[in-house]
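I have placed the structure first, in the form of structure tokens, so that the comments after it can refer back to it.
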Amino acid sequence: MSVENHSNEEIKKSLNFVEQIIEKDLAEGKNDGRLQTRFPPEPNGYLHIGHAKAICMNFGIAKQYGGICNLRFDDTNPSKEDVEYVDSIMENIQWLGFQWKDIYYASDYFQQLYDFAVELIKSNKAYVDEQSSEEIAKQKGTPTQPGIDSPYRDRPVEESLRLFESMNSGNVPEGAMVLRAKIDMANSNMHFRDPIIYRVIHHPHHRTGTQWKAYPMYDFAHGQSDYFEGVTHSLCTLEFVVHRPLYDYFIDELKTFKPEDGEYRPQQIEFNRLNLTYTVMSKRKLLQLVNENIVSGWDDPRMPTISGLRRRGYTPESIHKFIDKIGYTKFEALNDIALLEYSIREDLNVKAKRVSAVIDPVKLIITNYPEGVVEKLEAIDNPEDENSGTHEIEFARELYIEKDDFMENAPKKFFRMTPGEEVRLKHAYIVRCTGVKKDDEGNIVEIYAEYDPATKSGMPESNRKVKGTLHWVSVDHSLPAEVRLYDRLFNVEDPSAEKDKDFRELLNPNSLVIKKEARVEKVLADVKAFENFQFQRIGYFNVDPDSKPGKLIFNRTVSLKDSWSKIKNK
């Protein structure tokens, strides 16, 4: 679901199942014709590409049908949450092109949730349990075997009320007692077997400080927060299907204390998650990568986080394109990262400026070119854009080319530079290699060639056919740069499926290769962070935010072609 508005005709052609539900509800006047969604992240880490799909769904569908979408932070576990994560989440949503109507926090409702819990206790529908989490887990039973009642299940209401109050006093140790809903220990849905709805946490909250010690669990806070806010369609991912009956149960109970709200109730609808090959989506594992310095941070360009994708050079438009391509269904799937890479290539192909960069340089000397002469050549910024401009490049006697573009003893189908053969230097001349210079260890340090003055691009003789075209930069008219070649973080398609291995054993050792001696055109002297470029014949790159004048740093977003498919299919 793209951020752009669609015409009614376009919408009709491609309704997904969520859109079908919403159109039906709106047509029937449900919820008085209101449409209100929410995006409810927990601020315990940076958002990843999977969250981007949920963002596009919740914000996109509200925009599409003239409703509103609020941002709500599910801040019910202060031991794992931080203001840094809150700030990054807001920045990511806006970068993707969306804006919330209002910002809420689950902590806004702590008093209302506490009061609701007290009412459940008074109605003998909740009780304080003093067993350990291990003991409670053992009594839960199995999907085919009923659970066992807690010895505290029938404790007097007044006693549970007193103990629940003490849970919030600061005098009860963490794990010493919990509040459980009294529902049905024999229910086939394990979530109904007296779920824990409150636990004790002594860690200060990033908003409420030490005001609260008893904190609601997700299943208790989430649906009620939707209800308090007036959410009409609570859109979430498929793992919450089994939670939906409990979601509805608590709302039904809450409605008994709020008859003034009439027929209104939020409806939970689930869609498939975004799972991506060659990476992990688990926040726990992503946090491990960060904390163990396996990556440089949450915004490391190898990470599947929105911040990491942005730093790598992905655009909001490319992420929208990718999510539109995979769509929304009721079936889980593993999406090929090649489709994400295709989406950024498709986007940058029509907007990225073409420049030359040599990431692993070796000097090429045109021996018959006049010393001291510098020619000004013209290069088109983007041949895919008819309104694209041009920029100047300098051609001189001494150039840099890629080491990989030369081979002294080349095989028959090597169509780059080799002794005795001709190649074209892009935008310039046809040259013939005449020899090389090596150091004492046999490494090639200079390549020699002669140019044909009649073959300058645009001249009649320039139509002479040669099999190879090389990019280059002038030695005296190029700038030093560091180029970071990023690749897929893992060596296997689905790291989470490798149950017998530590996921860190599956990391790709070549996911980052740094080239510190690169040279780039001088037109890049004043680039700004996150600007995108195509380095001709190499790939798409963007400016790293650590880059500065005199120390240019570029990140490879993606190669020009999908090289992994070839490797995988060998």
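Residues are referred to by chain and number: the chain letter is A, B, ... according to the order shown in the structure tokens, the number counts from 1 in that chain, and ligands are numbered separately from 1 in the order shown.
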Using the chain letters and numbers from this document, which residues of segment 224-306 of chain A does DSSP assign to alpha helix (DSSP H), as a list in words?
-> Gln224, Ser225, Asp226, Tyr227, Phe228, Glu229, Arg244, Pro245, Leu246, Tyr247, Asp248, Tyr249, Phe250, Ile251, Asp252, Glu253, Leu254, Lys255, Thr256, Lys283, Arg284, Lys285, Leu286, Leu287, Gln288, Leu289, Val290, Asn291 and Ile306 of chain A
Exercise: segment 72-76 of chain A partners within 7 Å, only C-alpha atoms, chain neighbours under 3 positions left out, as a tab-separated table (two decimals) with C-alpha atoms, in the first residue's frame:
chain	number	residue	atom	x	y	z
A	38	ARG	CA	-3.07	2.91	14.83
A	39	PHE	CA	0.55	1.83	14.60
A	40	PRO	CA	1.56	0.49	18.05
A	41	PRO	CA	5.32	-0.27	18.26
A	42	GLU	CA	7.07	-1.16	21.48
A	43	PRO	CA	9.99	1.28	21.96
A	81	GLU	CA	12.42	0.61	26.58
A	103	ILE	CA	0.68	10.36	19.55
A	104	TYR	CA	-0.43	8.15	22.41
A	105	TYR	CA	1.31	5.85	24.86
A	106	ALA	CA	-0.03	2.76	26.58
A	107	SER	CA	1.27	4.49	29.73
A	215	TYR	CA	2.62	-3.15	34.78
A	216	PRO	CA	-0.01	-4.59	32.42
A	217	MET	CA	0.85	-7.37	29.97
Near-Glu341 of chain A list (12 Å; only C-alpha atoms; drop same-chain fewer than 3 positions) as a PyMOL selection string | chain A and resi 276-277+309+312-315+318-319+321-322+335-338+344-349+487-488+539-540+556-565
Could you work out how far atom CA of Arg310 of chain A lies from atom CA of Leu96 of chain A, giving the answer in Å with one decimal?
->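 Straight-line distance from atom CA of Leu96 of chain A to atom CA of Arg310 of chain A works out to 9.9 Å.
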Considering only C-alpha atoms, return as number ranges by chain whatever protein or nucleic-acid residues lie within 10 Å of Thr208 of chain A, sequence-local ones (same chain, fewer than 5 positions apart) excluded.
-> A: 78, 107-108, 110
Which neighbours of Tyr85 of chain A fall inside 8 Å, counting only C-alpha atoms, when residues of the same chain fewer than 6 positions from it are skipped, and could you give them as a short mmCIF file (atom, residue, chain, number, x, y, z; two decimals) with C-alpha atoms, in the first residue's frame?
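Contents of selection-v9.cif, as written:
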data_model
loop_
_atom_site.label_atom_id
_atom_site.label_comp_id
_atom_site.auth_asym_id
_atom_site.auth_seq_id
_atom_site.Cartn_x
_atom_site.Cartn_y
_atom_site.Cartn_z
CA PRO A 43 9.99 1.28 21.96
CA ASN A 44 12.52 -1.49 22.69
CA GLY A 45 14.55 -1.31 19.49
CA TYR A 46 14.73 0.22 16.02
#
If you run DSSP on the backbone, which residues of segment 410-530 of chain A are strand (DSSP E), as JSON, numbers by chain?
-> {"A": [422, 423, 424, 425, 430, 431, 432, 433, 434, 435, 436, 437, 438, 444, 445, 446, 447, 448, 449, 450, 451, 469, 470, 473, 474, 478, 479, 480, 481, 482, 483, 484, 485, 486, 512, 513, 514, 515, 516, 517, 518, 519, 520, 521]}
